[in-house]
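Data from final28.cif: mmCIF, C-alpha atoms
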```cif
data_data
loop_
_atom_site.label_atom_id
_atom_site.label_comp_id
_atom_site.auth_asym_id
_atom_site.auth_seq_id
_atom_site.Cartn_x
_atom_site.Cartn_y
_atom_site.Cartn_z
CA MET A 1 46.63 108.47 63.88
CA PRO A 2 47.89 107.77 67.39
CA HIS A 3 48.62 104.17 68.06
CA THR A 4 47.53 102.39 71.17
CA SER A 5 50.11 102.55 73.93
CA ARG A 6 50.90 99.29 75.58
CA PRO A 7 52.82 98.74 78.78
CA SER A 8 56.32 97.58 77.97
CA ARG A 9 56.97 93.94 78.61
CA PRO A 10 59.57 93.18 81.24
CA ASN A 11 62.88 91.94 79.96
CA ARG A 12 62.88 88.20 80.50
CA GLN A 13 66.63 88.02 80.46
CA THR A 14 66.85 90.60 83.25
CA GLN A 15 64.27 88.77 85.31
CA LYS A 16 65.82 85.34 85.07
CA ARG A 17 69.56 85.92 84.89
CA THR A 18 71.86 87.25 87.59
CA GLN A 19 75.60 87.85 87.31
CA VAL A 20 77.56 87.10 90.47
CA THR A 21 81.18 88.12 90.95
CA ASP A 22 82.89 87.13 94.19
CA ASP A 23 85.95 88.50 95.98
CA ASP A 24 88.22 86.01 94.20
CA GLY A 25 87.21 87.14 90.72
CA TRP A 26 84.84 84.31 89.84
CA THR A 27 81.97 85.53 87.67
CA HIS A 28 78.92 83.34 87.19
CA VAL A 29 75.69 84.02 85.35
CA ALA A 30 72.87 82.24 87.15
CA SER A 31 69.58 81.40 85.52
CA ALA A 32 66.72 79.04 86.14
CA GLY A 33 67.93 77.10 83.12
CA ASN A 34 71.54 76.47 84.02
CA VAL A 35 71.73 76.76 87.80
CA ARG A 36 68.67 75.14 89.22
CA ARG A 37 67.35 74.18 92.57
CA VAL A 38 66.81 70.47 92.25
CA MET A 39 65.03 68.80 95.09
CA ARG A 40 64.03 65.22 95.31
CA THR A 41 62.50 62.96 97.88
CA ARG A 42 65.03 60.79 99.64
CA PRO A 43 64.31 57.09 99.15
CA ARG A 44 63.17 55.30 102.24
CA GLY A 45 65.66 52.55 102.79
CA THR A 46 68.78 52.25 104.88
CA THR A 47 68.55 55.84 106.09
CA ALA A 48 64.97 55.52 107.22
CA THR A 49 65.86 52.33 109.08
CA LYS A 50 68.80 54.02 110.77
CA GLU A 51 66.66 56.96 111.87
CA SER A 52 63.93 54.64 113.06
CA GLU A 53 66.42 52.74 115.20
CA ALA A 54 67.57 56.06 116.68
CA GLY A 55 64.03 57.00 117.63
CA ILE A 56 63.59 59.68 114.94
CA SER A 57 60.34 59.59 113.03
CA SER A 58 60.67 59.10 109.27
CA ASP A 59 56.97 59.16 108.40
CA HIS A 60 57.60 62.15 106.13
CA PRO A 61 60.62 61.74 103.85
CA GLU A 62 62.72 64.91 103.91
CA PRO A 63 63.85 66.73 100.76
CA THR A 64 67.55 66.57 99.98
CA LEU A 65 69.73 68.50 97.57
CA SER A 66 71.13 67.06 94.38
CA PRO A 67 74.73 67.80 93.38
CA ALA A 68 75.39 71.52 93.05
CA GLU A 69 76.00 72.84 89.54
CA ALA A 70 79.40 74.40 88.91
CA PRO A 71 80.07 77.18 86.38
CA GLY A 72 80.34 75.55 82.97
CA ARG A 73 83.90 76.66 82.22
CA LEU A 74 85.38 75.85 85.62
CA THR A 75 88.11 73.21 85.41
CA LEU A 76 89.69 71.06 88.10
CA SER A 77 92.97 72.94 87.69
CA GLU A 78 91.24 76.27 88.28
CA LEU A 79 89.37 74.87 91.27
CA GLN A 80 92.63 73.56 92.74
CA THR A 81 94.18 77.02 92.32
CA GLN A 82 91.23 78.59 94.12
CA PHE A 83 91.53 76.01 96.90
CA GLN A 84 95.24 76.70 97.32
CA THR A 85 94.56 80.44 97.65
CA HIS A 86 91.96 79.79 100.36
CA ARG A 87 94.26 77.36 102.13
CA GLU A 88 97.10 79.90 102.25
CA ARG A 89 94.76 82.46 103.79
CA TRP A 90 93.49 79.89 106.30
CA GLU A 91 96.93 78.66 107.36
CA GLY A 92 98.15 82.25 107.70
CA SER A 93 95.26 83.19 109.99
CA GLU A 94 95.21 83.53 113.77
CA SER A 95 92.35 81.02 113.79
CA TRP A 96 94.54 78.21 112.44
CA ILE A 97 97.60 79.21 114.46
CA ARG A 98 95.57 78.93 117.68
CA LEU A 99 93.68 75.82 116.60
CA THR A 100 96.81 73.94 115.55
CA GLY A 101 98.37 74.59 118.96
CA ILE A 102 95.37 73.24 120.85
CA LEU A 103 95.00 70.27 118.51
CA ASP A 104 98.68 69.40 118.81
CA GLN A 105 98.39 69.53 122.59
CA ARG A 106 95.36 67.22 122.67
CA LEU A 107 96.86 64.73 120.20
CA LYS A 108 100.17 64.46 122.04
CA LYS A 109 98.44 64.06 125.39
CA ALA A 110 96.25 61.28 124.00
CA GLN A 111 99.26 59.58 122.46
CA GLU A 112 101.14 59.71 125.77
CA GLN A 113 98.15 58.22 127.54
CA ALA A 114 97.86 55.48 124.93
CA SER A 115 101.57 54.64 125.32
CA PHE A 116 101.21 54.53 129.09
CA ASP A 117 98.20 52.22 128.84
CA ALA A 118 100.08 49.94 126.42
CA SER A 119 103.11 49.83 128.72
CA ALA A 120 100.94 48.92 131.68
CA ALA A 121 99.28 46.19 129.62
CA ASN A 122 102.66 44.81 128.58
CA GLN A 123 103.85 44.62 132.17
CA SER A 124 100.84 42.61 133.16
CA ALA A 125 101.09 40.28 130.15
CA ASP A 126 103.75 37.78 129.12
CA ALA A 127 107.20 39.33 128.70
CA ASN A 128 107.37 38.24 125.04
CA SER A 129 104.14 40.02 124.05
CA SER A 130 104.11 43.69 123.17
CA ALA A 131 100.88 45.64 122.90
CA PRO A 132 101.12 48.58 120.46
CA ALA A 133 99.99 52.02 121.60
CA ARG A 134 96.42 52.73 120.52
CA CYS A 135 96.19 55.46 117.90
CA PRO A 136 94.32 58.51 119.23
CA VAL A 137 92.70 59.14 115.80
CA ASP A 138 92.41 56.51 113.08
CA ALA A 139 89.89 58.30 110.83
CA ILE A 140 88.40 61.71 110.14
CA VAL A 141 84.81 61.86 108.91
CA CYS A 142 83.56 65.10 107.33
CA ILE A 143 79.81 65.76 107.22
CA GLY A 144 78.08 68.71 105.54
CA LEU A 145 81.01 70.46 103.88
CA GLY A 146 78.96 71.80 100.99
CA SER A 147 80.18 72.19 97.41
CA PRO A 148 83.49 73.99 96.88
CA SER A 149 82.60 74.56 93.22
CA GLY A 150 78.85 74.81 92.75
CA PHE A 151 75.82 76.99 93.38
CA LEU A 152 72.55 76.10 95.09
CA ARG A 153 69.06 77.66 94.99
CA ASP A 154 69.18 79.04 91.44
CA GLY A 155 72.49 80.74 92.07
CA TRP A 156 71.28 82.95 94.91
CA VAL A 157 73.28 81.12 97.58
CA ASP A 158 77.03 81.20 97.03
CA ARG A 159 78.74 79.03 99.67
CA ARG A 160 81.80 78.24 97.57
CA ALA A 161 84.18 80.43 99.58
CA VAL A 162 82.81 79.03 102.86
CA SER A 163 83.23 75.46 101.63
CA LEU A 164 86.73 76.13 100.31
CA TYR A 165 87.87 77.62 103.62
CA GLN A 166 86.32 74.73 105.54
CA LEU A 167 87.95 72.24 103.18
CA ALA A 168 91.26 74.04 103.75
CA ALA A 169 90.76 73.55 107.49
CA LEU A 170 90.02 69.86 106.95
CA ALA A 171 93.15 69.40 104.81
CA SER A 172 95.31 71.19 107.40
CA ILE A 173 93.88 69.15 110.26
CA LYS A 174 94.30 65.94 108.25
CA GLU A 175 98.01 66.60 107.75
CA GLN A 176 98.56 67.52 111.38
CA VAL A 177 96.77 64.47 112.74
CA ALA A 178 98.64 62.13 110.37
CA ARG A 179 101.96 63.73 111.26
CA THR A 180 101.36 63.61 115.01
CA THR A 181 99.96 60.10 115.27
CA SER A 182 102.04 58.52 112.44
CA SER A 183 98.96 56.55 111.52
CA ASP A 184 97.46 55.30 108.27
CA LEU A 185 94.82 57.98 108.57
CA LYS A 186 91.61 57.56 106.58
CA VAL A 187 89.57 60.66 105.71
CA TYR A 188 85.99 60.47 104.45
CA ALA A 189 83.59 63.19 103.29
CA GLN A 190 79.83 62.92 102.83
CA ASP A 191 77.48 65.53 101.37
CA PRO A 192 74.73 65.06 98.76
CA VAL A 193 75.66 68.33 97.02
CA PHE A 194 79.13 67.14 95.93
CA ASN A 195 79.47 67.21 92.15
CA THR A 196 82.12 65.51 90.00
CA LEU A 197 84.51 68.49 90.28
CA ASP A 198 84.21 68.43 94.06
CA GLU A 199 84.87 64.70 94.15
CA SER A 200 87.97 65.14 91.97
CA LEU A 201 89.27 67.93 94.21
CA LEU A 202 88.71 65.81 97.32
CA ALA A 203 90.39 62.80 95.71
CA SER A 204 93.45 64.94 94.94
CA LEU A 205 93.65 65.63 98.71
CA ASN A 206 93.36 61.89 99.48
CA ILE A 207 89.84 62.32 100.87
CA THR A 208 87.35 59.57 100.04
CA VAL A 209 83.80 60.62 99.14
CA ILE A 210 81.13 58.38 100.62
CA LYS A 211 77.36 58.33 100.16
CA HIS A 212 74.69 58.82 102.79
CA PRO A 213 74.34 57.07 105.22
CA GLU A 214 77.76 55.35 105.03
CA ALA A 215 79.30 57.89 107.43
CA PHE A 216 77.50 56.24 110.34
CA SER A 217 79.58 53.08 109.95
CA HIS A 218 82.85 55.02 110.16
CA ILE A 219 82.26 56.81 113.47
CA THR A 220 83.97 55.21 116.48
CA ALA A 221 85.62 56.36 119.69
CA ASP A 222 88.86 56.79 117.69
CA THR A 223 87.26 59.09 115.08
CA MET A 224 87.53 62.81 114.58
CA LEU A 225 84.21 64.19 113.35
CA PHE A 226 84.61 67.29 111.16
CA CYS A 227 81.15 68.80 110.84
CA PRO A 228 81.08 72.56 110.20
CA GLY A 229 77.82 72.23 108.26
CA ALA A 230 76.15 69.12 109.68
CA GLU A 231 72.49 69.36 110.58
CA ARG A 232 71.37 68.79 114.15
CA LYS A 233 69.36 65.68 113.26
CA HIS A 234 72.48 64.05 111.81
CA LEU A 235 74.60 64.97 114.81
CA GLU A 236 71.99 63.35 117.05
CA LEU A 237 72.67 60.10 115.20
CA LEU A 238 76.47 60.47 115.05
CA LEU A 239 77.34 61.65 118.55
CA PRO A 240 76.14 58.54 120.42
CA SER A 241 79.18 56.80 118.85
CA LYS A 242 81.28 59.14 121.04
CA PRO A 243 83.89 60.38 118.55
CA TRP A 244 87.03 61.40 120.43
CA LEU A 245 87.42 64.74 118.59
CA LEU A 246 84.82 66.96 116.95
CA PHE A 247 85.26 70.18 115.00
CA GLY A 248 82.15 72.25 114.33
CA GLY A 249 79.24 73.64 116.25
CA PRO A 250 78.58 75.51 118.31
CA LEU A 251 76.72 72.71 120.10
CA GLU A 252 76.13 74.49 123.42
CA HIS A 253 72.48 75.00 124.38
CA ALA A 254 71.32 73.39 121.14
CA ASP A 255 69.00 70.97 122.94
CA SER A 256 68.96 71.28 126.71
CA GLY A 257 69.12 67.78 128.15
CA GLY A 258 69.41 66.20 124.70
CA VAL A 259 72.10 64.29 122.79
CA LEU A 260 74.09 67.39 121.78
CA GLN A 261 74.13 68.94 125.22
CA GLY A 262 75.01 65.57 126.73
CA TYR A 263 78.06 65.39 124.47
CA VAL A 264 79.07 68.95 125.38
CA ASP A 265 78.74 68.24 129.11
CA ARG A 266 81.26 65.40 128.83
CA ALA A 267 83.73 67.21 126.54
CA GLY A 268 86.39 69.86 126.77
CA SER A 269 86.39 72.53 124.08
CA TYR A 270 88.19 75.47 122.54
CA CYS A 271 86.43 78.26 120.59
CA LEU A 272 88.22 79.58 117.51
CA PRO A 273 89.02 83.28 117.35
CA VAL A 274 87.25 85.21 114.59
CA PHE A 275 88.46 84.21 111.14
CA GLU A 276 89.05 87.63 109.59
CA PRO A 277 88.98 86.74 105.85
CA LEU A 278 85.40 85.38 106.12
CA GLU A 279 83.89 85.44 109.61
CA HIS A 280 80.86 83.23 108.97
CA ALA A 281 83.00 80.39 107.57
CA PHE A 282 83.91 79.42 111.17
CA TRP A 283 81.53 81.52 113.25
CA ASN A 284 81.66 80.41 116.91
CA MET A 285 82.99 76.97 115.92
CA ARG A 286 84.89 74.87 118.43
CA LEU A 287 87.22 71.94 118.75
CA TYR A 288 85.70 69.44 121.21
CA TRP A 289 87.50 66.51 122.78
CA ALA A 290 86.48 63.67 125.07
CA GLN A 291 87.56 64.41 128.62
CA GLU A 292 90.11 62.15 130.27
CA ALA A 293 90.00 61.62 134.02
CA SER A 294 93.13 63.78 134.35
CA ASP A 295 91.42 66.62 132.45
CA GLU A 296 88.56 66.73 134.91
CA GLU A 297 90.65 66.91 138.04
#
```
Since I need it in another form, could you write the structure as structure tokens?
Amino acid sequence: MPHTSRPSRPNRQTQKRTQVTDDDGWTHVASAGNVRRVMRTRPRGTTATKESEAGISSDHPEPTLSPAEAPGRLTLSELQTQFQTHRERWEGSESWIRLTGILDQRLKKAQEQASFDASAANQSADANSSAPARCPVDAIVCIGLGSPSGFLRDGWVDRRAVSLYQLAALASIKEQVARTTSSDLKVYAQDPVFNTLDESLLASLNITVIKHPEAFSHITADTMLFCPGAERKHLELLLPSKPWLLFGGPLEHADSGGVLQGYVDRAGSYCLPVFEPLEHAFWNMRLYWAQEASDEE
């Protein structure tokens, strides 16, 4: 007796699990159970007040990501090895070679100007007083780096390589700025998707993780803002503090007549050449600097 044919049921495991292997050999099985998209409503407190003061409506709280979830077996040691591999590729690239030359030029010029200003101040003051040269950069603030170790959106978005390359750029810039200015350089990083592994990796690089919206209090005219992944609405709040250096963008034509374009109009800039190992990690990004009177002549 023939039995009733039934349509085969789809394999649940196939539907819900995806194996991802990247160019560096990392394999991760993503599922709704172990790599999840976790969204929550941001509490309306200090941030809402800050945005209100800046003229940005906060009537509708925006969703924000929770810490990204790293592969279960990934250790800090393995993550540090991955970071070192990305850093070697970054520092061997034409992008870094060109950027480091421009950055060195801008830092030394600012330091010379600061020394000249201090000398002039000393000459006009009492002979026994000596004004120290103002440091061109006393802090670097990183916004929107992303997670170097974890996945977002149920494992479908893998930004780890992008974040690792951008972190490599931050670490390289940090060392160059500290070496050039001989300052007690402070470096801060803020991103809601940082997990405990990310925080440990950043701490090993002497980068302090801060929580939103603490970054606002660290931006001054002597700050370098490192923002390869910052959202426009955050830049609109940060740029009025007029950070002396900014890495990120591109900012051109983002808001004609607005805060971003106003910053661009008053700044010099250099566009990075294509980063061959992973083009979209630094696509069309620039180093911006506040123009001195001598630069504009």
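Selection by the PyMOL selection byres ((chain A and resi 216) around 10) on the present file picks out A:Thr47, A:Lys50, A:Val141, A:His212, A:Pro213, A:Glu214, A:Ala215, A:Ser217, A:His218, A:Ile219, A:Thr220, A:His234, A:Leu237, A:Leu238, A:Leu239, A:Ser241.
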Computed interatomic separation between CA of Val177 in chain A and CA of Asn195 in chain A (Å):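 Separating CA of Val177 in chain A from CA of Asn195 in chain A is a distance of 27.0 Å.
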Quick one: residues within 6 Å of Leu245 in chain A, all atoms listed in the file counted, chain neighbours fewer than 2 positions away excluded, as a list in words? Met224, Pro243, Tyr288 and Trp289 of chain A
Mind giving me the straight-line distance from CA of Arg106 in chain A to CA of Gly92 in chain A in Å, one decimal? 21.4 Å
Apply the PyMOL selection byres ((chain A and resi 268-270) around 8) to the file shown and report the selected residues as a PyMOL selection string. chain A and resi 102+264+266-267+271-272+286-291
Residue among A:Val259, A:Leu76, A:Leu225, A:Ile210 lying closest to Leu170 in chain A, counting all atoms listed in the file: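 When distances to Leu170 in chain A are compared using all atoms listed in the file, the smallest one comes from A:Leu225.
Among the candidates A:Lys242, A:Arg73, A:Arg87, A:Lys233, the residue lying nearest to Ile173 in chain A is A:Arg87 (atoms considered: all atoms listed in the file).
Each of A:Gln166, A:Ser149, A:Thr223, A:Gln190 was checked against Thr81 in chain A using all atoms listed in the file; the smallest atom-to-atom distance is that of A:Ser149.
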For Pro148 in chain A, which residue out of A:Glu88, A:Gly101, A:Gln80, A:Lys186 is the nearest one, using all atoms listed in the file?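 Smallest distance to Pro148 in chain A is found for A:Gln80.
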What separates CA of Gly249 in chain A and CA of Asp104 in chain A is a distance of 20.1 Å
I'd like the neighbourhood of Asp138 in chain A as a list in words, where a residue qualifies if any of its atoms comes within 9 Å (using all atoms listed in the file), though same-chain residues fewer than 6 positions away should be ignored.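 Here the qualifying residues turn out to be Ala178, Thr181, Ser183, Asp184, Leu185, Lys186, Val187, Asp222, Thr223 and Met224 of chain A.
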Would you export the selected residues with C-alpha atoms as a short mmCIF file (atom, residue, chain, number, x, y, z; two decimals), in the frame of the given file, please?
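Final file, out_36.cif:
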```cif
data_model
loop_
_atom_site.label_atom_id
_atom_site.label_comp_id
_atom_site.auth_asym_id
_atom_site.auth_seq_id
_atom_site.Cartn_x
_atom_site.Cartn_y
_atom_site.Cartn_z
CA ALA A 178 98.64 62.13 110.37
CA THR A 181 99.96 60.10 115.27
CA SER A 183 98.96 56.55 111.52
CA ASP A 184 97.46 55.30 108.27
CA LEU A 185 94.82 57.98 108.57
CA LYS A 186 91.61 57.56 106.58
CA VAL A 187 89.57 60.66 105.71
CA ASP A 222 88.86 56.79 117.69
CA THR A 223 87.26 59.09 115.08
CA MET A 224 87.53 62.81 114.58
#
```
Please provide the set of residues having any atom within 9 Å of Val274 in chain A, restricted to all atoms listed in the file, with same-chain residues fewer than 6 positions apart removed, written as an mmCIF file with C-alpha atoms, keeping the file's coordinate frame.
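Once everything was written out, this is part.cif:
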```cif
data_model
loop_
_atom_site.group_PDB
_atom_site.id
_atom_site.type_symbol
_atom_site.label_atom_id
_atom_site.label_comp_id
_atom_site.auth_asym_id
_atom_site.auth_seq_id
_atom_site.Cartn_x
_atom_site.Cartn_y
_atom_site.Cartn_z
ATOM 1 C CA GLU A 94 95.210 83.530 113.770
ATOM 2 C CA SER A 95 92.350 81.020 113.790
ATOM 3 C CA HIS A 280 80.860 83.230 108.970
ATOM 4 C CA PHE A 282 83.910 79.420 111.170
ATOM 5 C CA TRP A 283 81.530 81.520 113.250
ATOM 6 C CA ASN A 284 81.660 80.410 116.910
#
```
Once the PyMOL selection byres ((chain A and resi 167) around 10) has been evaluated on this model, what residues remain selected, and can you format them as a tab-separated table (two decimals) with C-alpha atoms, in the frame of the given file?
```tsv
chain	number	residue	atom	x	y	z
A	83	PHE	CA	91.53	76.01	96.90
A	86	HIS	CA	91.96	79.79	100.36
A	87	ARG	CA	94.26	77.36	102.13
A	90	TRP	CA	93.49	79.89	106.30
A	142	CYS	CA	83.56	65.10	107.33
A	145	LEU	CA	81.01	70.46	103.88
A	146	GLY	CA	78.96	71.80	100.99
A	147	SER	CA	80.18	72.19	97.41
A	148	PRO	CA	83.49	73.99	96.88
A	161	ALA	CA	84.18	80.43	99.58
A	162	VAL	CA	82.81	79.03	102.86
A	163	SER	CA	83.23	75.46	101.63
A	164	LEU	CA	86.73	76.13	100.31
A	165	TYR	CA	87.87	77.62	103.62
A	166	GLN	CA	86.32	74.73	105.54
A	168	ALA	CA	91.26	74.04	103.75
A	169	ALA	CA	90.76	73.55	107.49
A	170	LEU	CA	90.02	69.86	106.95
A	171	ALA	CA	93.15	69.40	104.81
A	172	SER	CA	95.31	71.19	107.40
A	173	ILE	CA	93.88	69.15	110.26
A	202	LEU	CA	88.71	65.81	97.32
A	205	LEU	CA	93.65	65.63	98.71
A	226	PHE	CA	84.61	67.29	111.16
A	228	PRO	CA	81.08	72.56	110.20
```
Put a box with edges along x, y and z around all the listed atoms of range 219-225 of chain A, pad it by 8 Å on each side, then give me its centre and sizes in Å, one decimal, as JSON.
```
{"center_x": 85.6, "center_y": 59.7, "center_z": 116.5, "size_x": 22.6, "size_y": 25.0, "size_z": 22.3}
```
